$ cat my_file.csv   # CSV, C-alpha atoms
chain,number,residue,atom,x,y,z
D,1,MET,CA,32.2,-4.9,21.0
D,2,THR,CA,34.7,-3.5,18.5
D,3,THR,CA,37.3,-0.8,18.9
D,4,VAL,CA,37.0,2.4,16.8
D,5,GLU,CA,39.4,5.4,16.6
D,6,THR,CA,37.7,8.7,17.8
D,7,ALA,CA,39.0,12.2,18.2
D,8,THR,CA,39.9,11.5,21.9
D,9,GLY,CA,41.6,8.2,21.1
D,10,ALA,CA,40.5,4.5,20.9
D,11,ALA,CA,36.9,3.8,22.0
D,12,LYS,CA,34.7,0.8,22.0
D,13,THR,CA,31.4,0.5,20.2
D,14,MET,CA,28.4,-1.4,21.5
D,15,VAL,CA,26.0,-3.6,19.5
D,16,LEU,CA,22.4,-3.1,20.4
D,17,ASN,CA,19.3,-5.1,19.3
D,18,MET,CA,16.4,-2.9,18.4
D,19,GLY,CA,13.4,-5.1,18.0
D,20,PRO,CA,11.9,-7.4,17.0
D,21,GLN,CA,9.5,-6.6,19.8
D,22,HIS,CA,9.6,-2.8,19.8
D,23,PRO,CA,6.7,-0.4,19.4
D,24,SER,CA,8.5,1.9,16.9
D,25,THR,CA,9.7,-0.7,14.5
D,26,HIS,CA,6.1,-0.9,13.1
D,27,GLY,CA,6.1,-4.7,13.4
D,28,VAL,CA,8.5,-7.5,14.0
D,29,LEU,CA,11.6,-6.0,12.5
D,30,ARG,CA,15.0,-6.5,14.2
D,31,ILE,CA,17.8,-4.0,13.6
D,32,LEU,CA,21.3,-4.7,14.8
D,33,LEU,CA,22.8,-1.3,15.7
D,34,GLU,CA,26.4,-0.8,16.3
D,35,LEU,CA,26.7,2.4,18.4
D,36,ASP,CA,29.5,4.8,19.3
D,37,GLY,CA,27.8,6.5,22.2
D,38,GLU,CA,24.4,7.5,20.8
D,39,THR,CA,25.6,7.6,17.2
D,40,VAL,CA,24.8,4.7,14.9
D,41,VAL,CA,28.0,3.5,13.2
D,42,LYS,CA,26.4,0.6,11.4
D,43,ALA,CA,22.9,-0.8,11.0
D,44,VAL,CA,21.8,-4.2,9.8
D,45,PRO,CA,18.0,-4.9,9.3
D,46,ASP,CA,17.1,-8.5,10.1
D,47,LEU,CA,13.9,-9.8,8.5
D,48,GLY,CA,11.8,-12.9,8.5
D,49,TYR,CA,10.2,-13.0,12.0
D,50,LEU,CA,6.7,-12.7,10.5
D,51,HIS,CA,7.0,-15.1,7.6
D,52,THR,CA,3.5,-15.9,6.5
D,53,GLY,CA,4.1,-18.0,3.3
D,54,ILE,CA,1.3,-16.0,1.5
D,55,GLU,CA,2.9,-16.4,-1.9
D,56,LYS,CA,3.2,-20.2,-1.5
D,57,SER,CA,-0.3,-20.5,-0.1
D,58,CYS,CA,-1.6,-18.7,-3.2
D,59,GLU,CA,-0.2,-21.6,-5.3
D,60,ASP,CA,-2.4,-24.0,-3.3
D,61,LYS,CA,-5.6,-22.1,-4.0
D,62,THR,CA,-7.7,-21.5,-7.2
D,63,TYR,CA,-7.2,-18.1,-8.8
D,64,SER,CA,-10.3,-16.7,-7.2
D,65,GLN,CA,-9.6,-18.2,-3.7
D,66,ALA,CA,-6.2,-16.5,-3.6
D,67,ILE,CA,-7.7,-13.0,-3.5
D,68,THR,CA,-8.5,-13.4,0.2
D,69,LEU,CA,-4.8,-14.0,0.9
D,70,THR,CA,-3.7,-10.8,-0.9
D,71,ASP,CA,-5.8,-8.8,1.6
D,72,ARG,CA,-3.6,-9.9,4.4
D,73,MET,CA,-0.2,-9.0,2.9
D,74,ASP,CA,0.1,-5.2,3.2
D,75,TYR,CA,-2.8,-5.0,5.7
D,76,LEU,CA,-3.0,-1.2,5.3
D,77,ASN,CA,-3.6,-1.6,1.5
D,78,PRO,CA,-5.8,-4.7,1.0
D,79,LEU,CA,-7.7,-3.2,-1.9
D,80,GLY,CA,-4.5,-2.3,-3.7
D,81,ASN,CA,-3.2,-5.9,-3.2
D,82,ASN,CA,-6.5,-7.2,-4.6
D,83,LEU,CA,-6.2,-4.9,-7.6
D,84,VAL,CA,-2.7,-5.8,-8.6
D,85,TYR,CA,-3.4,-9.5,-8.3
D,86,CYS,CA,-6.7,-9.3,-10.3
D,87,LEU,CA,-5.0,-7.2,-13.0
D,88,ALA,CA,-2.3,-9.9,-13.4
D,89,VAL,CA,-5.0,-12.7,-13.7
D,90,GLU,CA,-7.0,-10.5,-16.1
D,91,LYS,CA,-3.8,-10.0,-18.2
D,92,LEU,CA,-3.4,-13.8,-18.3
D,93,LEU,CA,-7.0,-14.3,-19.3
D,94,GLY,CA,-7.1,-11.4,-21.7
D,95,LEU,CA,-10.2,-10.0,-19.9
D,96,GLU,CA,-11.6,-6.5,-20.5
D,97,VAL,CA,-13.0,-4.9,-17.4
D,98,PRO,CA,-16.1,-2.7,-17.8
D,99,LYS,CA,-15.4,1.1,-17.4
D,100,ARG,CA,-17.9,1.4,-14.5
D,101,ALA,CA,-16.0,-1.3,-12.6
D,102,GLN,CA,-12.6,0.4,-13.4
D,103,TYR,CA,-13.9,3.7,-12.0
D,104,ILE,CA,-15.2,2.0,-8.8
D,105,ARG,CA,-11.8,0.3,-8.4
D,106,VAL,CA,-10.0,3.7,-8.7
D,107,MET,CA,-12.3,5.3,-6.1
D,108,MET,CA,-11.8,2.5,-3.6
D,109,VAL,CA,-8.0,2.2,-3.9
D,110,GLU,CA,-7.7,6.0,-3.5
D,111,LEU,CA,-9.8,5.9,-0.4
D,112,GLN,CA,-7.5,3.1,0.7
D,113,ARG,CA,-4.4,5.2,0.0
D,114,ILE,CA,-5.8,8.0,2.2
D,115,SER,CA,-6.6,5.5,4.9
D,116,SER,CA,-3.0,4.1,4.7
D,117,HIS,CA,-1.4,7.5,4.9
D,118,LEU,CA,-3.6,8.4,7.9
D,119,VAL,CA,-2.4,5.3,9.8
D,120,TRP,CA,1.2,6.3,8.7
D,121,LEU,CA,0.8,9.9,9.9
D,122,GLY,CA,-0.9,9.0,13.2
D,123,THR,CA,1.7,6.3,14.1
D,124,HIS,CA,4.7,8.4,12.9
D,125,ALA,CA,3.5,11.4,14.9
D,126,ILE,CA,3.1,9.3,18.1
D,127,ASP,CA,6.6,7.8,17.5
D,128,LEU,CA,7.9,11.4,17.7
D,129,GLY,CA,5.8,12.4,20.6
D,130,ALA,CA,2.7,14.1,19.0
D,131,MET,CA,-0.2,12.4,20.6
D,132,SER,CA,-3.3,14.3,19.4
D,133,VAL,CA,-2.5,13.8,15.6
D,134,PHE,CA,-2.8,10.0,16.2
D,135,LEU,CA,-6.3,10.4,17.5
D,136,TYR,CA,-7.4,12.8,14.7
D,137,CYS,CA,-6.0,10.6,12.0
D,138,PHE,CA,-7.8,7.5,13.3
D,139,ARG,CA,-11.0,9.6,13.6
D,140,GLU,CA,-10.9,10.2,9.8
D,141,ARG,CA,-9.8,6.7,9.0
D,142,GLU,CA,-12.9,5.4,10.7
D,143,GLU,CA,-15.1,7.3,8.2
D,144,ILE,CA,-13.2,5.5,5.3
D,145,LEU,CA,-13.7,2.1,7.0
D,146,LYS,CA,-17.4,2.8,7.3
D,147,ILE,CA,-17.5,3.4,3.5
D,148,PHE,CA,-15.6,0.1,3.0
D,149,GLU,CA,-18.1,-1.7,5.2
D,150,MET,CA,-21.0,-0.2,3.3
D,151,PHE,CA,-19.6,-1.4,-0.1
D,152,ALA,CA,-18.2,-4.8,0.9
D,153,GLY,CA,-19.6,-5.7,4.3
D,154,GLN,CA,-16.1,-5.7,5.8
D,155,ARG,CA,-14.0,-2.9,7.2
D,156,MET,CA,-10.5,-4.0,6.4
D,157,MET,CA,-10.0,-7.3,4.5
D,158,THR,CA,-12.7,-6.5,2.0
D,159,SER,CA,-11.7,-8.8,-0.9
D,160,TYR,CA,-14.0,-6.3,-2.8
D,161,ILE,CA,-12.0,-6.3,-6.1
D,162,ARG,CA,-12.5,-9.5,-7.9
D,163,ILE,CA,-11.2,-11.0,-11.2
D,164,GLY,CA,-13.1,-9.3,-14.0
D,165,GLY,CA,-14.5,-6.4,-11.9
D,166,VAL,CA,-15.8,-5.8,-8.4
D,167,ALA,CA,-17.8,-8.1,-6.0
D,168,LEU,CA,-21.0,-6.0,-5.6
D,169,ASP,CA,-22.8,-3.0,-7.0
D,170,PRO,CA,-22.3,0.2,-5.0
D,171,PRO,CA,-25.0,0.1,-2.2
D,172,ALA,CA,-27.9,2.5,-1.7
D,173,GLY,CA,-26.7,5.7,-0.1
D,174,TRP,CA,-23.1,5.4,-1.2
D,175,ARG,CA,-23.0,8.7,-3.0
D,176,GLN,CA,-24.1,10.6,0.2
D,177,ALA,CA,-21.4,8.8,2.3
D,178,VAL,CA,-18.6,9.5,-0.2
D,179,GLU,CA,-19.8,13.1,-0.7
D,180,ARG,CA,-19.8,13.7,3.0
D,181,PHE,CA,-16.2,12.4,3.3
D,182,LEU,CA,-15.0,14.5,0.4
D,183,LYS,CA,-16.5,17.7,2.0
D,184,MET,CA,-15.0,16.9,5.4
D,185,MET,CA,-11.5,15.7,4.6
D,186,PRO,CA,-9.7,18.8,3.1
D,187,SER,CA,-10.2,20.8,6.3
D,188,ARG,CA,-9.0,17.8,8.4
D,189,VAL,CA,-5.7,17.6,6.3
D,190,ASP,CA,-5.3,21.4,7.0
D,191,GLU,CA,-5.7,20.6,10.7
D,192,TYR,CA,-2.9,18.0,10.6
D,193,GLU,CA,-0.6,20.5,8.9
D,194,SER,CA,-1.5,23.3,11.3
D,195,LEU,CA,-0.4,21.0,14.2
D,196,LEU,CA,2.8,19.7,12.6
D,197,THR,CA,4.2,21.5,9.6
D,198,GLU,CA,5.4,24.7,11.5
D,199,ASN,CA,5.8,22.9,14.8
D,200,ARG,CA,9.4,23.5,16.1
D,201,ILE,CA,9.7,20.2,17.8
D,202,TRP,CA,8.4,18.3,14.7
D,203,MET,CA,10.8,20.2,12.4
D,204,GLY,CA,13.7,19.6,14.8
D,205,ARG,CA,13.0,15.8,14.8
D,206,THR,CA,12.5,15.5,11.0
D,207,LYS,CA,14.4,18.3,9.1
D,208,GLY,CA,17.8,17.1,7.9
D,209,VAL,CA,17.3,13.7,9.4
D,210,GLY,CA,17.5,10.5,7.2
D,211,TYR,CA,18.8,12.1,4.0
D,212,ILE,CA,19.3,10.0,0.9
D,213,SER,CA,20.4,11.3,-2.5
D,214,ALA,CA,18.2,10.8,-5.6
D,215,GLU,CA,21.0,8.7,-7.1
D,216,ASP,CA,21.2,6.4,-4.1
D,217,ALA,CA,17.4,6.1,-4.0
D,218,VAL,CA,17.3,5.1,-7.6
D,219,ALA,CA,20.2,2.7,-7.3
D,220,LEU,CA,18.4,1.0,-4.3
D,221,SER,CA,15.2,0.7,-6.4
D,222,MET,CA,13.2,2.8,-4.0
D,223,THR,CA,9.8,3.8,-5.1
D,224,GLY,CA,6.8,5.7,-3.8
D,225,PRO,CA,6.8,8.8,-1.5
D,226,THR,CA,10.4,8.0,-0.4
D,227,LEU,CA,11.6,8.3,-4.0
D,228,ARG,CA,9.4,11.3,-4.8
D,229,ALA,CA,10.8,13.2,-1.7
D,230,ALA,CA,14.2,12.9,-3.4
D,231,GLY,CA,12.9,14.8,-6.4
D,232,VAL,CA,12.1,11.9,-8.8
D,233,ALA,CA,8.6,12.2,-10.2
D,234,TYR,CA,8.0,8.5,-10.7
D,235,ASP,CA,4.4,7.2,-10.2
D,236,ASN,CA,3.0,4.1,-11.8
D,237,ARG,CA,-0.4,5.7,-12.2
D,238,LYS,CA,1.2,8.2,-14.7
D,239,VAL,CA,4.1,6.1,-16.1
D,240,PHE,CA,2.2,2.8,-16.7
D,241,PRO,CA,-1.5,3.8,-16.3
D,242,TYR,CA,-3.9,1.0,-15.3
D,243,SER,CA,-7.6,0.9,-14.5
D,244,SER,CA,-8.2,4.0,-16.7
D,245,TYR,CA,-5.9,6.3,-14.6
D,246,GLU,CA,-4.9,8.0,-17.8
D,247,GLU,CA,-8.4,9.7,-17.8
D,248,PHE,CA,-7.8,11.3,-14.3
D,249,ASP,CA,-6.3,14.7,-13.7
D,250,PHE,CA,-3.8,14.7,-10.8
D,251,ASP,CA,-0.3,15.8,-10.0
D,252,ILE,CA,2.7,13.9,-8.7
D,253,PRO,CA,4.0,15.8,-5.6
D,254,THR,CA,7.8,16.0,-5.3
D,255,ARG,CA,10.4,17.6,-3.1
D,256,THR,CA,14.1,17.7,-3.2
D,257,ASP,CA,15.2,17.8,0.5
D,258,SER,CA,14.9,14.0,0.7
D,259,ASP,CA,14.7,14.0,4.5
D,260,CYS,CA,12.1,12.8,7.0
D,261,PHE,CA,10.3,16.2,6.8
D,262,ALA,CA,10.1,16.0,2.9
D,263,ARG,CA,8.6,12.5,3.1
D,264,TYR,CA,6.0,13.8,5.5
D,265,MET,CA,5.1,16.7,3.2
D,266,ILE,CA,4.8,14.3,0.2
D,267,ARG,CA,2.3,12.0,1.9
D,268,VAL,CA,0.2,15.0,3.1
D,269,ALA,CA,0.2,16.3,-0.5
D,270,GLU,CA,-0.7,12.8,-1.8
D,271,MET,CA,-3.8,12.8,0.4
D,272,ARG,CA,-5.0,16.0,-1.3
D,273,GLU,CA,-4.3,14.5,-4.7
D,274,SER,CA,-6.2,11.3,-3.8
D,275,LEU,CA,-9.2,13.4,-2.9
D,276,LYS,CA,-9.1,15.0,-6.4
D,277,ILE,CA,-9.0,11.5,-8.0
D,278,ILE,CA,-11.9,10.3,-5.8
D,279,ARG,CA,-14.0,13.4,-6.7
D,280,GLN,CA,-13.4,12.7,-10.4
D,281,ALA,CA,-14.2,8.9,-10.1
D,282,PHE,CA,-17.3,9.8,-8.1
D,283,GLY,CA,-18.5,11.8,-11.1
D,284,LYS,CA,-17.6,9.1,-13.7
D,285,ILE,CA,-19.4,6.2,-11.9
D,286,THR,CA,-22.9,5.9,-13.5
D,287,ASN,CA,-25.9,4.5,-11.5
D,288,GLU,CA,-26.4,1.7,-14.0
D,289,GLY,CA,-24.1,-0.6,-15.9
D,290,PRO,CA,-22.0,-3.8,-15.5
D,291,ILE,CA,-19.6,-4.3,-12.7
D,292,LYS,CA,-18.0,-7.5,-14.0
D,293,ALA,CA,-16.6,-8.6,-17.4
D,294,ASP,CA,-18.9,-10.8,-19.5
D,295,ALA,CA,-16.9,-14.1,-19.4
D,296,PRO,CA,-19.1,-17.2,-18.7
D,297,GLY,CA,-17.0,-20.0,-17.1
D,298,ILE,CA,-14.6,-17.4,-15.5
D,299,ILE,CA,-16.9,-14.8,-14.0
D,300,PRO,CA,-19.7,-16.1,-11.8
D,301,PRO,CA,-23.2,-15.3,-13.2
D,302,GLN,CA,-25.5,-12.8,-11.6
D,303,ARG,CA,-27.3,-14.2,-8.5
D,304,GLU,CA,-30.8,-13.7,-10.1
D,305,LYS,CA,-29.8,-15.6,-13.2
D,306,MET,CA,-28.3,-18.4,-11.0
D,307,LYS,CA,-31.7,-18.8,-9.3
D,308,THR,CA,-33.7,-19.0,-12.5
D,309,GLU,CA,-31.4,-20.5,-15.3
D,310,MET,CA,-30.1,-24.0,-15.1
D,311,GLU,CA,-27.0,-23.1,-17.2
D,312,ALA,CA,-26.1,-20.2,-14.9
D,313,LEU,CA,-26.4,-22.5,-11.9
D,314,ILE,CA,-24.0,-25.1,-13.5
D,315,TYR,CA,-21.4,-22.3,-14.3
D,316,HIS,CA,-21.7,-21.0,-10.8
D,317,PHE,CA,-21.1,-24.5,-9.3
D,318,LYS,CA,-18.2,-25.3,-11.6
D,319,ILE,CA,-16.4,-21.9,-11.0
D,320,PHE,CA,-16.6,-22.3,-7.2
D,321,THR,CA,-15.7,-26.0,-7.0
D,322,GLU,CA,-13.2,-26.4,-9.8
D,323,GLY,CA,-12.1,-22.8,-10.7
D,324,PHE,CA,-11.1,-21.8,-14.2
D,325,SER,CA,-7.9,-22.7,-16.1
D,326,PRO,CA,-6.0,-19.9,-17.9
D,327,ALA,CA,-3.8,-20.9,-20.9
D,328,PRO,CA,-0.2,-21.6,-19.9
D,329,GLY,CA,1.8,-18.3,-19.8
D,330,GLU,CA,3.1,-15.5,-17.5
D,331,ALA,CA,1.8,-12.1,-16.6
D,332,PHE,CA,3.4,-9.2,-14.6
D,333,VAL,CA,1.6,-6.0,-13.6
D,334,THR,CA,2.6,-3.1,-11.4
D,335,ILE,CA,0.5,-0.5,-9.6
D,336,GLU,CA,1.2,2.4,-7.3
D,337,SER,CA,0.6,1.3,-3.7
D,338,PRO,CA,0.8,3.9,-0.8
D,339,ARG,CA,4.3,2.6,-0.3
D,340,GLY,CA,5.6,2.5,-3.9
D,341,GLU,CA,5.6,0.2,-6.9
D,342,LEU,CA,3.7,-3.0,-6.1
D,343,GLY,CA,4.1,-5.7,-8.7
D,344,CYS,CA,2.5,-9.1,-9.1
D,345,PHE,CA,3.9,-11.9,-11.2
D,346,ILE,CA,1.7,-15.0,-12.0
D,347,ALA,CA,2.8,-18.0,-14.0
D,348,SER,CA,0.1,-20.4,-15.3
D,349,ASP,CA,0.6,-24.1,-16.3
D,350,GLY,CA,-2.9,-24.4,-17.6
D,351,SER,CA,-4.3,-25.8,-14.3
D,352,PRO,CA,-7.0,-24.1,-12.1
D,353,LYS,CA,-4.2,-23.1,-9.6
D,354,PRO,CA,-1.4,-20.7,-10.3
D,355,LEU,CA,2.0,-22.4,-10.8
D,356,ARG,CA,3.8,-19.4,-9.3
D,357,VAL,CA,2.7,-16.2,-7.6
D,358,HIS,CA,5.3,-13.5,-6.6
D,359,PHE,CA,4.8,-10.0,-5.4
D,360,ARG,CA,7.3,-7.1,-5.8
D,361,ALA,CA,6.7,-5.6,-2.4
D,362,PRO,CA,7.7,-1.9,-2.0
D,363,SER,CA,8.1,-2.2,1.8
D,364,TYR,CA,10.7,-4.9,1.4
D,365,ILE,CA,12.7,-3.1,-1.3
D,366,ASN,CA,12.5,0.3,0.4
D,367,LEU,CA,13.7,-1.2,3.7
D,368,GLN,CA,17.2,-1.9,2.2
D,369,ALA,CA,17.8,1.9,2.2
D,370,LEU,CA,17.5,2.0,6.1
D,371,PRO,CA,21.2,1.6,6.8
D,372,LYS,CA,21.9,4.4,4.3
D,373,LEU,CA,19.4,6.7,6.2
D,374,ILE,CA,20.5,6.0,9.7
D,375,GLU,CA,24.2,5.4,9.7
D,376,GLY,CA,25.8,8.5,11.3
D,377,GLN,CA,22.5,9.5,13.0
D,378,LEU,CA,21.4,9.3,16.6
D,379,ILE,CA,19.4,6.4,18.1
D,380,ALA,CA,16.4,8.7,18.4
D,381,ASP,CA,16.6,9.4,14.7
D,382,VAL,CA,16.4,5.7,13.9
D,383,ILE,CA,12.7,5.8,14.9
D,384,ALA,CA,12.0,8.8,12.6
D,385,CYS,CA,13.7,7.0,9.7
D,386,ILE,CA,11.9,3.7,10.1
D,387,GLY,CA,8.6,5.7,10.3
D,388,THR,CA,9.2,7.7,7.2
D,389,ILE,CA,10.0,4.7,5.0
D,390,ASP,CA,6.5,3.5,6.0
D,391,ILE,CA,7.0,-0.2,6.0
D,392,VAL,CA,4.4,-2.9,6.6
D,393,LEU,CA,6.0,-6.1,7.9
D,394,GLY,CA,3.2,-8.2,6.5
D,395,GLU,CA,4.3,-7.2,3.0
D,396,VAL,CA,8.1,-7.6,3.8
D,397,ASP,CA,7.8,-11.1,5.2
D,398,ARG,CA,5.4,-12.7,2.6
$ encode --input "my_file.csv" --output "structure tokens"
Amino acid sequence: MTTVETATGAAKTMVLNMGPQHPSTHGVLRILLELDGETVVKAVPDLGYLHTGIEKSCEDKTYSQAITLTDRMDYLNPLGNNLVYCLAVEKLLGLEVPKRAQYIRVMMVELQRISSHLVWLGTHAIDLGAMSVFLYCFREREEILKIFEMFAGQRMMTSYIRIGGVALDPPAGWRQAVERFLKMMPSRVDEYESLLTENRIWMGRTKGVGYISAEDAVALSMTGPTLRAAGVAYDNRKVFPYSSYEEFDFDIPTRTDSDCFARYMIRVAEMRESLKIIRQAFGKITNEGPIKADAPGIIPPQREKMKTEMEALIYHFKIFTEGFSPAPGEAFVTIESPRGELGCFIASDGSPKPLRVHFRAPSYINLQALPKLIEGQLIADVIACIGTIDIVLGEVDR
């Protein structure tokens, strides 16, 4: 308890623990709230309850084995985590990824972005009392997970993007499945908007709540939809294109209100832009062509070759038992994850295991803006603000 001066004289504030076990903190996040009545005077996020040691574990694995760990970091963006890690290793090795594999990667990570935004929209809506949107969003996400299972044999932790390309050729019938999703999804996004955008309760809970100025957002290194809602058109896919994004035509949605409502509108617009990118990638992916770089000793040989050629069998055995050893050096790569700028730094000492692996996690960096968003707001608005930052604690506590 501390004493504060109010209009009616001296009053005492109360310190309240929100979390770490709380359904609306989206994971094991603890926030120490100092309250004057229902108004938040001060907020201190407390992290570390989920510490997984993923970065350290990567350093104990060969470069290829570490891919499965990246899936489990931001568990709503496994393919994006695979991509940034593989791009960093490819930069270390100087590998050129075939165009067909690059386009497949783009299509998959954009499907993942929509899937992530659907989980965000559904859980954020349920946080603020809109039940049906949650059910609708998960209905559509199910269709994306079916596509992932079709491509990789796994719904969530696919490990589909591999060093030098992708794990498998697109399966039979993939075009029909993706085409069906592309036809269905635009009307479903319209449906979410018809339920929420003009809804008086939704507007009352989100408009003018959790404001942050563009200057503060930049000063706090915020990226992703939270920064674009403040009017800053910064997107790694445009600024530092990777995986052939420079060949794709799409817009960077921005708004200037920089409140919870603006961040909602940005993510809805991003789903529409991702559909445009998927449609273009769909057209660019040819039916034939390599899906992995040609680099014996680094990239495993094709299974048919492995079964018929002795040299291929030896390569296969050595890659999976010993790994490969990049020359000593460092690489840093950034991509645009659904939450913002996701970076991966890898240092090699010339051994088959990385010397250091570090991820620049957007959830972790965006979370430092939380006190700025919620100080002076009501307790109920804390929930809305945590939701619109869209944090994943698996990425915060690596």
$ closest_atom_pairs --input "my_file.csv" --of "segment 101-192 of chain D" --to "segment 72-88 of chain D" --cutoff "10 Å" --atoms "only C-alpha atoms" --output "JSON lines"
{"residue": "D:Arg105", "atom": "CA", "partner": "D:Leu83", "partner_atom": "CA", "distance": 7.7}
{"residue": "D:Val106", "atom": "CA", "partner": "D:Leu83", "partner_atom": "CA", "distance": 9.5}
{"residue": "D:Met108", "atom": "CA", "partner": "D:Leu79", "partner_atom": "CA", "distance": 7.2}
{"residue": "D:Val109", "atom": "CA", "partner": "D:Gly80", "partner_atom": "CA", "distance": 5.7}
{"residue": "D:Glu110", "atom": "CA", "partner": "D:Gly80", "partner_atom": "CA", "distance": 8.9}
{"residue": "D:Leu111", "atom": "CA", "partner": "D:Leu79", "partner_atom": "CA", "distance": 9.5}
{"residue": "D:Gln112", "atom": "CA", "partner": "D:Asn77", "partner_atom": "CA", "distance": 6.2}
{"residue": "D:Arg113", "atom": "CA", "partner": "D:Asn77", "partner_atom": "CA", "distance": 7.0}
{"residue": "D:Ile114", "atom": "CA", "partner": "D:Asn77", "partner_atom": "CA", "distance": 9.9}
{"residue": "D:Ser115", "atom": "CA", "partner": "D:Leu76", "partner_atom": "CA", "distance": 7.6}
{"residue": "D:Ser116", "atom": "CA", "partner": "D:Leu76", "partner_atom": "CA", "distance": 5.3}
{"residue": "D:His117", "atom": "CA", "partner": "D:Leu76", "partner_atom": "CA", "distance": 8.9}
{"residue": "D:Leu118", "atom": "CA", "partner": "D:Leu76", "partner_atom": "CA", "distance": 10.0}
{"residue": "D:Val119", "atom": "CA", "partner": "D:Leu76", "partner_atom": "CA", "distance": 7.9}
{"residue": "D:Trp120", "atom": "CA", "partner": "D:Leu76", "partner_atom": "CA", "distance": 9.2}
{"residue": "D:Phe148", "atom": "CA", "partner": "D:Leu79", "partner_atom": "CA", "distance": 9.9}
{"residue": "D:Met156", "atom": "CA", "partner": "D:Pro78", "partner_atom": "CA", "distance": 7.2}
{"residue": "D:Met157", "atom": "CA", "partner": "D:Pro78", "partner_atom": "CA", "distance": 6.1}
{"residue": "D:Thr158", "atom": "CA", "partner": "D:Leu79", "partner_atom": "CA", "distance": 7.1}
{"residue": "D:Ser159", "atom": "CA", "partner": "D:Asn82", "partner_atom": "CA", "distance": 6.6}
{"residue": "D:Tyr160", "atom": "CA", "partner": "D:Leu79", "partner_atom": "CA", "distance": 7.1}
{"residue": "D:Ile161", "atom": "CA", "partner": "D:Asn82", "partner_atom": "CA", "distance": 5.8}
{"residue": "D:Arg162", "atom": "CA", "partner": "D:Cys86", "partner_atom": "CA", "distance": 6.3}
{"residue": "D:Ile163", "atom": "CA", "partner": "D:Cys86", "partner_atom": "CA", "distance": 4.9}
{"residue": "D:Gly164", "atom": "CA", "partner": "D:Cys86", "partner_atom": "CA", "distance": 7.4}
{"residue": "D:Gly165", "atom": "CA", "partner": "D:Cys86", "partner_atom": "CA", "distance": 8.5}
{"residue": "D:Val166", "atom": "CA", "partner": "D:Leu83", "partner_atom": "CA", "distance": 9.7}
$ residues_near_point --input "my_file.csv" --point "(1.9, -6.3, 9.4)" --cutoff "7 Å" --atoms "only C-alpha atoms" --output "PyMOL selection string"
chain D and resi 27+74-75+392-395
$ atom_distance --input "my_file.csv" --atom1 "atom CA of Ala312 of chain D" --atom2 "atom CA of Ser64 of chain D"
17.9 Å
$ residues_around --input "my_file.csv" --residues "Tyr136 of chain D" --least-positions-apart "2" --cutoff "12 Å" --atoms "only C-alpha atoms" --output "list in words"
Leu118, Val119, Leu121, Gly122, Thr123, Ala125, Ile126, Ala130, Met131, Ser132, Val133, Phe134, Phe138, Arg139, Glu140, Arg141, Glu142, Glu143, Met185, Ser187, Arg188, Val189, Asp190, Glu191, Tyr192, Glu193 and Leu195 of chain D
$ write_last_selection --input "my_file.csv" --atoms "C-alpha atoms" --output "PDB file, in the coordinates of the input"
ATOM      1  CA  LEU D 118      -3.600   8.400   7.900  1.00  0.00           C
ATOM      2  CA  VAL D 119      -2.400   5.300   9.800  1.00  0.00           C
ATOM      3  CA  LEU D 121       0.800   9.900   9.900  1.00  0.00           C
ATOM      4  CA  GLY D 122      -0.900   9.000  13.200  1.00  0.00           C
ATOM      5  CA  THR D 123       1.700   6.300  14.100  1.00  0.00           C
ATOM      6  CA  ALA D 125       3.500  11.400  14.900  1.00  0.00           C
ATOM      7  CA  ILE D 126       3.100   9.300  18.100  1.00  0.00           C
ATOM      8  CA  ALA D 130       2.700  14.100  19.000  1.00  0.00           C
ATOM      9  CA  MET D 131      -0.200  12.400  20.600  1.00  0.00           C
ATOM     10  CA  SER D 132      -3.300  14.300  19.400  1.00  0.00           C
ATOM     11  CA  VAL D 133      -2.500  13.800  15.600  1.00  0.00           C
ATOM     12  CA  PHE D 134      -2.800  10.000  16.200  1.00  0.00           C
ATOM     13  CA  PHE D 138      -7.800   7.500  13.300  1.00  0.00           C
ATOM     14  CA  ARG D 139     -11.000   9.600  13.600  1.00  0.00           C
ATOM     15  CA  GLU D 140     -10.900  10.200   9.800  1.00  0.00           C
ATOM     16  CA  ARG D 141      -9.800   6.700   9.000  1.00  0.00           C
ATOM     17  CA  GLU D 142     -12.900   5.400  10.700  1.00  0.00           C
ATOM     18  CA  GLU D 143     -15.100   7.300   8.200  1.00  0.00           C
ATOM     19  CA  MET D 185     -11.500  15.700   4.600  1.00  0.00           C
ATOM     20  CA  SER D 187     -10.200  20.800   6.300  1.00  0.00           C
ATOM     21  CA  ARG D 188      -9.000  17.800   8.400  1.00  0.00           C
ATOM     22  CA  VAL D 189      -5.700  17.600   6.300  1.00  0.00           C
ATOM     23  CA  ASP D 190      -5.300  21.400   7.000  1.00  0.00           C
ATOM     24  CA  GLU D 191      -5.700  20.600  10.700  1.00  0.00           C
ATOM     25  CA  TYR D 192      -2.900  18.000  10.600  1.00  0.00           C
ATOM     26  CA  GLU D 193      -0.600  20.500   8.900  1.00  0.00           C
ATOM     27  CA  LEU D 195      -0.400  21.000  14.200  1.00  0.00           C
TER      28      LEU D 195
END
$ residues_near_point --input "my_file.csv" --point "(-6.3, 10.5, -7.9)" --cutoff "9 Å" --atoms "only C-alpha atoms" --output "number ranges by chain"
D: 106-107, 110, 237, 245, 248-251, 270-281
$ atom_distance --input "my_file.csv" --atom1 "atom CA of Asp381 of chain D" --atom2 "atom CA of Lys207 of chain D"
10.7 Å
$ closest_residue --input "my_file.csv" --among "D:Gly204, D:Pro338, D:Pro296, D:Pro45" --to "Asp259 of chain D" --atoms "only C-alpha atoms"
D:Gly204
$ closest_residue --input "my_file.csv" --among "D:Val357, D:Ile391, D:Leu145, D:Leu227" --to "Gly53 of chain D" --atoms "only C-alpha atoms"
D:Val357
